[in-house]
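*Asks:* Structure file run-v1.txt, compact mmCIF, C-alpha atoms and all ligand atoms, is pasted below:
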# COMPACT_ATOMS: atom_id res chain seq x y z
CA MET F 1 -1.90 2.65 -15.73
CA GLY F 2 1.80 1.69 -15.90
CA GLN F 3 3.68 -0.57 -13.59
CA VAL F 4 4.97 0.20 -10.11
CA LEU F 5 8.55 -0.94 -9.51
CA VAL F 6 9.27 -1.92 -5.91
CA THR F 7 12.64 -2.63 -4.28
CA GLY F 8 12.72 -4.37 -0.90
CA ALA F 9 9.59 -6.25 -1.92
CA THR F 10 10.63 -9.35 0.06
CA GLY F 11 11.00 -7.40 3.32
CA GLY F 12 8.52 -6.77 6.09
CA ILE F 13 7.25 -3.46 4.73
CA GLY F 14 7.80 -4.39 1.06
CA THR F 15 5.73 -7.57 1.29
CA ALA F 16 2.80 -5.61 2.69
CA LEU F 17 3.34 -2.91 0.10
CA VAL F 18 3.22 -5.31 -2.84
CA ARG F 19 -0.04 -6.79 -1.49
CA ALA F 20 -1.58 -3.35 -1.00
CA LEU F 21 -0.52 -2.17 -4.46
CA VAL F 22 -1.95 -5.27 -6.14
CA LYS F 23 -5.17 -4.90 -4.14
CA ALA F 24 -5.42 -1.28 -5.31
CA GLY F 25 -5.18 -2.46 -8.92
CA HIS F 26 -1.54 -1.62 -9.65
CA GLN F 27 0.65 -3.78 -11.83
CA VAL F 28 3.73 -4.45 -9.67
CA THR F 29 7.26 -5.48 -10.64
CA ALA F 30 9.66 -6.33 -7.84
CA ILE F 31 13.39 -5.64 -8.08
CA GLY F 32 15.66 -7.60 -5.74
CA ARG F 33 17.86 -10.57 -4.95
CA ASP F 34 15.43 -13.27 -3.99
CA VAL F 35 12.24 -12.28 -5.72
CA GLY F 36 11.38 -15.72 -7.11
CA ARG F 37 9.21 -16.37 -4.07
CA LEU F 38 6.95 -13.40 -4.85
CA ASP F 39 3.68 -13.67 -6.73
CA VAL F 40 4.43 -10.69 -8.97
CA PRO F 41 6.76 -10.27 -11.97
CA ALA F 42 10.31 -9.69 -10.80
CA ILE F 43 13.71 -8.49 -11.94
CA GLU F 44 16.65 -10.15 -10.22
CA ALA F 45 19.19 -7.58 -9.09
CA ASP F 46 21.66 -6.98 -6.27
CA LEU F 47 21.30 -3.44 -5.00
CA ALA F 48 24.68 -3.68 -3.30
CA ALA F 49 26.16 -3.40 -6.81
CA PRO F 50 24.54 -0.34 -8.40
CA GLY F 51 26.86 -0.60 -11.40
CA THR F 52 25.17 -3.87 -12.40
CA LEU F 53 21.63 -2.51 -12.35
CA ALA F 54 21.52 -1.13 -15.90
CA ALA F 55 22.20 -4.60 -17.32
CA ALA F 56 19.90 -6.32 -14.82
CA VAL F 57 16.96 -4.00 -15.33
CA GLY F 58 17.22 -3.43 -19.10
CA GLU F 59 14.84 -1.06 -20.83
CA LEU F 60 11.76 -0.27 -18.81
CA ARG F 61 8.58 1.01 -20.38
CA ASP F 62 5.30 2.11 -18.85
CA VAL F 63 6.61 2.89 -15.41
CA GLN F 64 4.10 4.80 -13.31
CA ALA F 65 6.06 4.73 -10.07
CA LEU F 66 9.26 3.56 -8.44
CA VAL F 67 9.21 2.79 -4.72
CA HIS F 68 12.63 2.30 -3.13
CA CYS F 69 11.90 0.32 0.01
CA ALA F 70 15.07 -1.79 0.22
CA GLY F 71 17.41 -0.97 3.04
CA ILE F 72 20.00 -2.41 5.40
CA SER F 73 20.73 -1.19 8.93
CA PRO F 74 24.15 -2.33 10.15
CA ILE F 75 24.92 -1.37 13.72
CA ALA F 76 28.55 -0.52 14.47
CA ALA F 77 30.47 2.38 15.97
CA VAL F 78 32.59 4.38 13.56
CA ALA F 79 35.59 2.87 15.35
CA ASP F 80 34.49 -0.59 14.22
CA ALA F 81 32.79 -0.03 10.85
CA GLY F 82 35.16 -0.85 8.01
CA PRO F 83 34.85 0.32 4.41
CA GLU F 84 32.73 -2.70 3.46
CA THR F 85 30.01 -1.58 5.89
CA TRP F 86 29.98 1.94 4.50
CA GLU F 87 30.14 0.84 0.87
CA ARG F 88 27.36 -1.72 1.21
CA THR F 89 25.05 0.53 3.23
CA LEU F 90 25.45 3.50 0.90
CA ALA F 91 25.07 1.23 -2.14
CA VAL F 92 21.86 -0.51 -1.03
CA ASN F 93 20.22 2.43 0.74
CA VAL F 94 20.99 5.30 -1.62
CA ALA F 95 23.29 4.72 -4.64
CA SER F 96 21.08 1.96 -6.04
CA ALA F 97 18.06 4.23 -5.57
CA ALA F 98 19.75 6.98 -7.57
CA GLU F 99 20.73 4.52 -10.29
CA LEU F 100 17.22 3.05 -10.54
CA VAL F 101 15.80 6.55 -10.78
CA ARG F 102 18.28 7.36 -13.55
CA LEU F 103 17.32 4.23 -15.45
CA THR F 104 13.59 4.78 -15.10
CA LEU F 105 13.41 8.56 -15.60
CA PRO F 106 12.64 8.44 -19.32
CA ALA F 107 9.62 6.24 -18.59
CA LEU F 108 8.66 8.25 -15.49
CA ARG F 109 8.76 11.49 -17.45
CA ARG F 110 6.52 10.00 -20.14
CA SER F 111 3.98 8.90 -17.53
CA ARG F 112 4.42 12.00 -15.31
CA GLY F 113 5.11 9.39 -12.69
CA HIS F 114 6.08 9.23 -9.03
CA VAL F 115 9.22 8.24 -7.11
CA VAL F 116 8.83 7.23 -3.46
CA PHE F 117 11.80 6.78 -1.15
CA VAL F 118 11.28 4.96 2.13
CA ASN F 119 13.58 6.81 4.51
CA ALA F 120 13.98 6.43 8.30
CA SER F 121 12.09 7.59 11.37
CA PRO F 122 11.16 11.29 11.35
CA GLY F 123 13.99 13.47 12.66
CA MET F 124 16.49 10.63 13.04
CA THR F 125 20.00 12.08 13.08
CA GLY F 126 23.31 11.61 14.90
CA VAL F 127 22.71 8.16 16.35
CA PRO F 128 25.71 6.47 18.03
CA ARG F 129 26.54 3.05 16.46
CA TRP F 130 24.25 3.79 13.51
CA SER F 131 26.28 6.32 11.50
CA ALA F 132 26.34 4.38 8.22
CA PHE F 133 22.57 3.89 8.36
CA VAL F 134 21.60 7.45 9.36
CA GLY F 135 24.23 8.82 6.96
CA SER F 136 22.73 6.83 4.10
CA LYS F 137 19.22 8.02 4.95
CA ALA F 138 20.41 11.65 5.12
CA ALA F 139 21.85 11.16 1.64
CA LEU F 140 18.57 9.59 0.52
CA ARG F 141 16.70 12.70 1.71
CA GLU F 142 19.12 14.92 -0.25
CA LEU F 143 18.65 12.72 -3.32
CA ALA F 144 14.88 13.15 -3.00
CA ASP F 145 15.00 16.91 -2.49
CA SER F 146 17.39 17.53 -5.41
CA LEU F 147 15.45 15.18 -7.67
CA ARG F 148 12.13 16.87 -6.82
CA GLU F 149 13.48 20.24 -7.99
CA GLU F 150 15.13 18.77 -11.09
CA GLU F 151 12.09 16.83 -12.25
CA GLU F 152 9.41 19.38 -11.48
CA PRO F 153 9.50 20.68 -15.08
CA TYR F 154 8.94 17.12 -16.35
CA GLY F 155 5.96 16.43 -14.10
CA VAL F 156 7.66 13.73 -12.01
CA ARG F 157 6.62 13.67 -8.35
CA VAL F 158 9.03 12.78 -5.55
CA THR F 159 7.90 11.70 -2.09
CA THR F 160 9.96 10.79 0.95
CA VAL F 161 8.22 8.61 3.52
CA TYR F 162 9.61 8.73 7.07
CA PRO F 163 8.19 5.75 8.97
CA ALA F 164 8.67 5.50 12.72
CA ALA F 165 9.02 2.03 14.28
CA THR F 166 7.25 -0.48 12.04
CA ALA F 167 6.74 -4.05 13.20
CA THR F 168 9.15 -6.04 11.05
CA GLU F 169 11.87 -8.59 11.67
CA LEU F 170 14.44 -5.90 10.85
CA LEU F 171 13.18 -3.68 13.67
CA ARG F 172 13.17 -6.60 16.11
CA GLU F 173 16.83 -7.30 15.25
CA VAL F 174 17.81 -3.63 15.48
CA ARG F 175 16.13 -3.19 18.87
CA THR F 176 17.72 -6.40 20.17
CA THR F 177 21.20 -5.28 19.08
CA PHE F 178 20.70 -1.87 20.70
CA GLY F 179 19.42 -3.60 23.86
CA ARG F 180 16.07 -1.82 23.60
CA PRO F 181 12.64 -3.42 24.07
CA TYR F 182 10.59 -4.39 21.02
CA ASP F 183 6.82 -4.48 21.36
CA PRO F 184 5.15 -4.91 17.94
CA GLU F 185 1.86 -3.71 19.48
CA ARG F 186 3.41 -0.28 19.96
CA CYS F 187 4.67 -0.09 16.37
CA ILE F 188 3.07 0.78 13.04
CA ARG F 189 1.71 -2.30 11.27
CA PRO F 190 3.51 -2.84 7.92
CA GLU F 191 0.06 -3.12 6.31
CA THR F 192 -0.86 0.33 7.60
CA LEU F 193 2.33 1.91 6.28
CA ALA F 194 1.76 0.15 2.96
CA GLU F 195 -1.74 1.63 2.71
CA MET F 196 -0.34 5.10 3.36
CA ILE F 197 2.21 4.68 0.55
CA VAL F 198 -0.58 3.54 -1.79
CA TRP F 199 -2.55 6.61 -0.69
CA ALA F 200 0.44 8.87 -1.51
CA LEU F 201 0.63 7.34 -4.99
CA ALA F 202 -3.07 8.00 -5.54
CA ALA F 203 -2.81 11.79 -5.10
CA PRO F 204 -4.98 13.86 -7.45
CA ALA F 205 -3.70 16.00 -10.33
CA ASP F 206 -3.31 19.28 -8.45
CA ALA F 207 -1.38 18.30 -5.29
CA TYR F 208 0.53 15.51 -3.63
CA ALA F 209 2.41 14.72 -0.38
CA CYS F 210 6.11 15.35 -1.02
CA GLU F 211 6.95 14.22 2.52
CA LEU F 212 5.06 11.85 4.75
CA SER F 213 6.04 11.29 8.39
CA VAL F 214 4.23 8.27 9.76
CA VAL F 215 4.12 7.63 13.51
CA PRO F 216 2.10 5.22 15.67
CA ALA F 217 -1.23 6.72 16.70
CA PRO F 218 -1.60 7.64 20.40
CA ARG F 219 -2.89 4.67 22.44
N1 LIG F 301 10.95 -1.42 10.16
C1 LIG F 301 11.10 -0.18 10.63
O1 LIG F 301 10.84 0.12 11.81
C2 LIG F 301 11.55 0.93 9.71
C3 LIG F 301 11.47 2.24 10.17
C4 LIG F 301 11.91 3.28 9.34
C5 LIG F 301 12.38 2.98 8.08
N2 LIG F 301 12.44 1.70 7.64
C6 LIG F 301 12.94 1.45 6.28
O2 LIG F 301 11.98 0.71 5.57
C7 LIG F 301 12.65 -0.10 4.59
C8 LIG F 301 12.17 -1.55 4.72
O3 LIG F 301 12.38 -1.96 6.05
P1 LIG F 301 11.89 -3.39 6.59
O4 LIG F 301 11.70 -3.25 8.05
O5 LIG F 301 10.81 -3.92 5.73
O6 LIG F 301 13.26 -4.22 6.37
P2 LIG F 301 13.51 -5.74 5.88
O7 LIG F 301 12.36 -6.60 6.27
O8 LIG F 301 14.87 -6.11 6.37
O9 LIG F 301 13.53 -5.61 4.30
C9 LIG F 301 14.65 -5.08 3.64
C10 LIG F 301 14.49 -5.33 2.15
O10 LIG F 301 15.68 -4.82 1.48
C11 LIG F 301 16.15 -5.84 0.61
N3 LIG F 301 17.60 -5.79 0.38
C12 LIG F 301 18.57 -5.72 1.32
N4 LIG F 301 19.78 -5.80 0.70
C13 LIG F 301 19.54 -5.94 -0.63
C14 LIG F 301 20.37 -6.09 -1.77
N5 LIG F 301 21.70 -6.13 -1.68
N6 LIG F 301 19.77 -6.21 -3.00
C15 LIG F 301 18.43 -6.19 -3.10
N7 LIG F 301 17.58 -6.06 -2.07
C16 LIG F 301 18.13 -5.94 -0.84
C17 LIG F 301 15.80 -7.13 1.31
O11 LIG F 301 15.86 -8.19 0.38
P3 LIG F 301 16.29 -9.70 0.81
O12 LIG F 301 14.98 -10.38 1.15
O13 LIG F 301 16.94 -10.23 -0.41
O14 LIG F 301 17.22 -9.56 1.99
C18 LIG F 301 14.39 -6.81 1.79
O15 LIG F 301 13.46 -7.00 0.75
C19 LIG F 301 14.15 0.08 4.82
O16 LIG F 301 14.64 1.02 3.92
C20 LIG F 301 14.21 0.62 6.26
O17 LIG F 301 15.36 1.41 6.50
C21 LIG F 301 12.03 0.66 8.44
Show me, as structure tokens, the structure contained in the file I just sent.
Ligand SMILES: NC(=O)c1ccc[n+]([C@@H]2O[C@H](COP(=O)([O-])OP(=O)(O)OC[C@H]3O[C@@H](n4cnc5c(N)ncnc54)[C@H](OP(=O)(O)O)[C@@H]3O)[C@@H](O)[C@H]2O)c1

*Replies:*
Amino acid sequence: MGQVLVTGATGGIGTALVRALVKAGHQVTAIGRDVGRLDVPAIEADLAAPGTLAAAVGELRDVQALVHCAGISPIAAVADAGPETWERTLAVNVASAAELVRLTLPALRRSRGHVVFVNASPGMTGVPRWSAFVGSKAALRELADSLREEEEPYGVRVTTVYPAATATELLREVRTTFGRPYDPERCIRPETLAEMIVWALAAPADAYACELSVVPAPR
């Protein structure tokens, strides 16, 4: 089995994902800024600069899957969000994903591999003070849906995961900034979401989940 490339591996969900992938027997390579602290092989790269990724990543062989889990969530009204906010959010959340897909497609086609995009909460759209974030995730969904059609003849699978509130530091910060309560007990555990992504990657030969909406179970 080839390697699984993971962006956002140092984050709340990504850390759990790397652990779950390793536990399931996958060979994991992290791609990110500060990956030295991880226990898996890593490629140092800044996803805010998609144009630098080709040089950073080099030639990749034996790629079984690419999971784009990196993301930033700036909170600002359109009236206050300057071009840097838009450029950075679109670069990290979607343009770098497209570029990493482009760079890994030859290997993914050879392995009839799988691309997984971690998107936002199911149905999230038109959120005041969150336009750059929800706009980037809408673009990420379009990237996934176009890519799925394009790569179907080559056997590459494309899954979008839509996680509802997941108990990470990022969510705590987002909720605090929006002035909304944060109760990790009412959220998805990152470990649970990670297991569901590992499950999606383990789909059999005849079918797979192209979209996965994950919500907290009823209490
Ligand atoms: N938590 C939730 O409730 C929730 C719900 C729905 C969707 N999501 C999505 O799930 C994903 C992970 O969320 P999370 O809660 O785990 O967030 P997180 O803890 O803030 O992790 C974000 C990850 O993205 C990486 N990243 C940010 N900017 C980068 C850059 N310029 N270059 C390389 N890597 C960069 C971070 O790396 P550094 O360590 O270097 O900063 C970190 O590994 C995101 O796409 C988020 O939108 C989260």

*Asks:* Give the residues close to ligand LIG 301 (chain F), within 8 Å, counting only C-alpha atoms and all ligand atoms; write them as a ChimeraX atom specification.

*Replies:* /F:7-15,31-35,45-49,68-73,88,92-93,118-121,133,137,162-171,187-188,190

*Asks:* Could you name the residues that touch Ala20 (chain F) at 8 Å or less, counting all atoms listed in the file, but leaving out those on the same chain fewer than 3 positions away, as a ChimeraX atom specification?

*Replies:* /F:16-17,23-24,191,194-195,198

*Asks:* Can you work out which one of F:Leu147, F:Ala107, F:Val156, F:Val94 has the shortest atom-to-atom distance to Val134 (chain F), counting all atoms listed in the file?

*Replies:*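 Counting all atoms listed in the file, the residue closest to Val134 (chain F) is F:Val94.
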
*Asks:* If you measure from CA of Val214 (chain F) to CA of Gln27 (chain F), what distance in Å do you get, rounded to one decimal?

*Replies:*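 Spanning CA of Val214 (chain F) to CA of Gln27 (chain F) is a straight-line distance of 25.0 Å.
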
*Asks:* Pick from F:Ala202, F:Ala98, F:Val115, F:Leu108: nearest to Leu21 (chain F), with only C-alpha atoms counted?

*Replies:*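 The answer is F:Ala202, which sits nearest to Leu21 (chain F).
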
*Asks:* Could you list, as a PyMOL selection string, every residue within 7 Å of Ala209 (chain F), counting all atoms listed in the file and ignoring same-chain residues fewer than 2 positions away?

*Replies:* chain F and resi 159+200+211-212

*Asks:* Identify, on the basis of only C-alpha atoms, every residue whose closest approach to region 50-66 of chain F does not exceed 8 Å; exclude the query and any residue fewer than 5 positions from it along the same chain; express the result as a list in words.

*Replies:*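 Counting only C-alpha atoms, the residues come to Met1, Gly2, Gln3, Val4, Leu5, Val6, Ile43, Glu44, Ala45, Ala91, Val92, Ala95, Ser96, Glu99, Leu100, Val101, Leu103, Thr104, Ala107, Leu108, Ser111, Arg112, Gly113, His114, Val115, Val116 and Leu201 of chain F.
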
*Asks:* What are the closest atom pairs, with distances in Å to one decimal, for each residue of region 67-154 of chain F lying within 10 Å of region 175-185 of chain F, using only C-alpha atoms, rows by chain and rising residue number, as a Markdown table?

*Replies:*
| residue | atom | partner | partner_atom | distance |
| --- | --- | --- | --- | --- |
| F:Pro74 | CA | F:Thr177 | CA | 9.9 |
| F:Ile75 | CA | F:Thr177 | CA | 7.6 |
| F:Ala76 | CA | F:Thr177 | CA | 9.9 |
| F:Arg129 | CA | F:Phe178 | CA | 8.7 |
| F:Trp130 | CA | F:Phe178 | CA | 9.8 |

*Asks:* Since the input has fewer atoms than a full residue there, write region 76-87 of chain F out with all heavy atoms, as a CSV table (one decimal), in the frame of the given file.

*Replies:*
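Done, and the output landed in part_12.csv:
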chain,number,residue,atom,x,y,z
F,76,ALA,N,27.1,-0.5,14.1
F,76,ALA,CA,28.6,-0.5,14.5
F,76,ALA,C,29.0,0.9,14.7
F,76,ALA,O,28.6,1.8,14.0
F,76,ALA,CB,29.4,-1.2,13.4
F,77,ALA,N,29.8,1.1,15.7
F,77,ALA,CA,30.5,2.4,16.0
F,77,ALA,C,31.4,2.7,14.8
F,77,ALA,O,31.9,1.8,14.1
F,77,ALA,CB,31.2,2.3,17.3
F,78,VAL,N,31.7,4.0,14.6
F,78,VAL,CA,32.6,4.4,13.6
F,78,VAL,C,33.9,3.7,13.8
F,78,VAL,O,34.6,3.3,12.8
F,78,VAL,CB,32.8,5.9,13.6
F,78,VAL,CG1,33.8,6.4,12.5
F,78,VAL,CG2,31.4,6.6,13.3
F,79,ALA,N,34.3,3.5,15.0
F,79,ALA,CA,35.6,2.9,15.4
F,79,ALA,C,35.7,1.4,14.8
F,79,ALA,O,36.8,0.9,14.6
F,79,ALA,CB,35.8,2.9,16.9
F,80,ASP,N,34.5,0.8,14.6
F,80,ASP,CA,34.5,-0.6,14.2
F,80,ASP,C,34.0,-0.8,12.8
F,80,ASP,O,34.1,-2.0,12.3
F,80,ASP,CB,33.6,-1.4,15.2
F,80,ASP,CG,34.0,-1.2,16.6
F,80,ASP,OD1,35.2,-1.2,16.9
F,80,ASP,OD2,33.1,-1.0,17.5
F,81,ALA,N,33.4,0.2,12.2
F,81,ALA,CA,32.8,0.0,10.8
F,81,ALA,C,33.8,0.1,9.8
F,81,ALA,O,34.3,1.3,9.5
F,81,ALA,CB,31.6,1.0,10.6
F,82,GLY,N,34.2,-0.9,9.1
F,82,GLY,CA,35.2,-0.8,8.0
F,82,GLY,C,34.5,-0.4,6.7
F,82,GLY,O,33.3,-0.1,6.7
F,83,PRO,N,35.4,-0.2,5.7
F,83,PRO,CA,34.8,0.3,4.4
F,83,PRO,C,33.7,-0.5,3.8
F,83,PRO,O,32.8,0.0,3.1
F,83,PRO,CB,36.1,0.4,3.5
F,83,PRO,CG,37.1,-0.4,4.2
F,83,PRO,CD,36.8,-0.5,5.7
F,84,GLU,N,33.8,-1.8,4.1
F,84,GLU,CA,32.7,-2.7,3.5
F,84,GLU,C,31.3,-2.3,4.0
F,84,GLU,O,30.4,-2.3,3.2
F,84,GLU,CB,33.1,-4.2,3.8
F,84,GLU,CG,32.4,-5.2,2.8
F,84,GLU,CD,31.0,-5.5,3.1
F,84,GLU,OE1,30.6,-5.5,4.3
F,84,GLU,OE2,30.2,-5.9,2.2
F,85,THR,N,31.3,-2.0,5.3
F,85,THR,CA,30.0,-1.6,5.9
F,85,THR,C,29.5,-0.3,5.2
F,85,THR,O,28.3,-0.2,4.9
F,85,THR,CB,30.2,-1.3,7.4
F,85,THR,OG1,30.6,-2.6,8.0
F,85,THR,CG2,28.9,-0.9,8.1
F,86,TRP,N,30.4,0.7,5.1
F,86,TRP,CA,30.0,1.9,4.5
F,86,TRP,C,29.6,1.7,3.0
F,86,TRP,O,28.6,2.3,2.6
F,86,TRP,CB,31.1,3.0,4.6
F,86,TRP,CG,31.2,3.6,6.0
F,86,TRP,CD1,31.9,3.1,7.0
F,86,TRP,CD2,30.4,4.6,6.5
F,86,TRP,NE1,31.7,3.9,8.2
F,86,TRP,CE2,30.7,4.8,7.8
F,86,TRP,CE3,29.4,5.5,5.9
F,86,TRP,CZ2,30.1,5.8,8.6
F,86,TRP,CZ3,28.8,6.4,6.7
F,86,TRP,CH2,29.2,6.6,8.1
F,87,GLU,N,30.4,1.0,2.3
F,87,GLU,CA,30.1,0.8,0.9
F,87,GLU,C,28.8,0.1,0.6
F,87,GLU,O,28.0,0.5,-0.2
F,87,GLU,CB,31.3,0.0,0.2
F,87,GLU,CG,32.5,0.9,0.0
F,87,GLU,CD,33.7,0.1,-0.4
F,87,GLU,OE1,33.6,-1.2,-0.6
F,87,GLU,OE2,34.8,0.7,-0.3
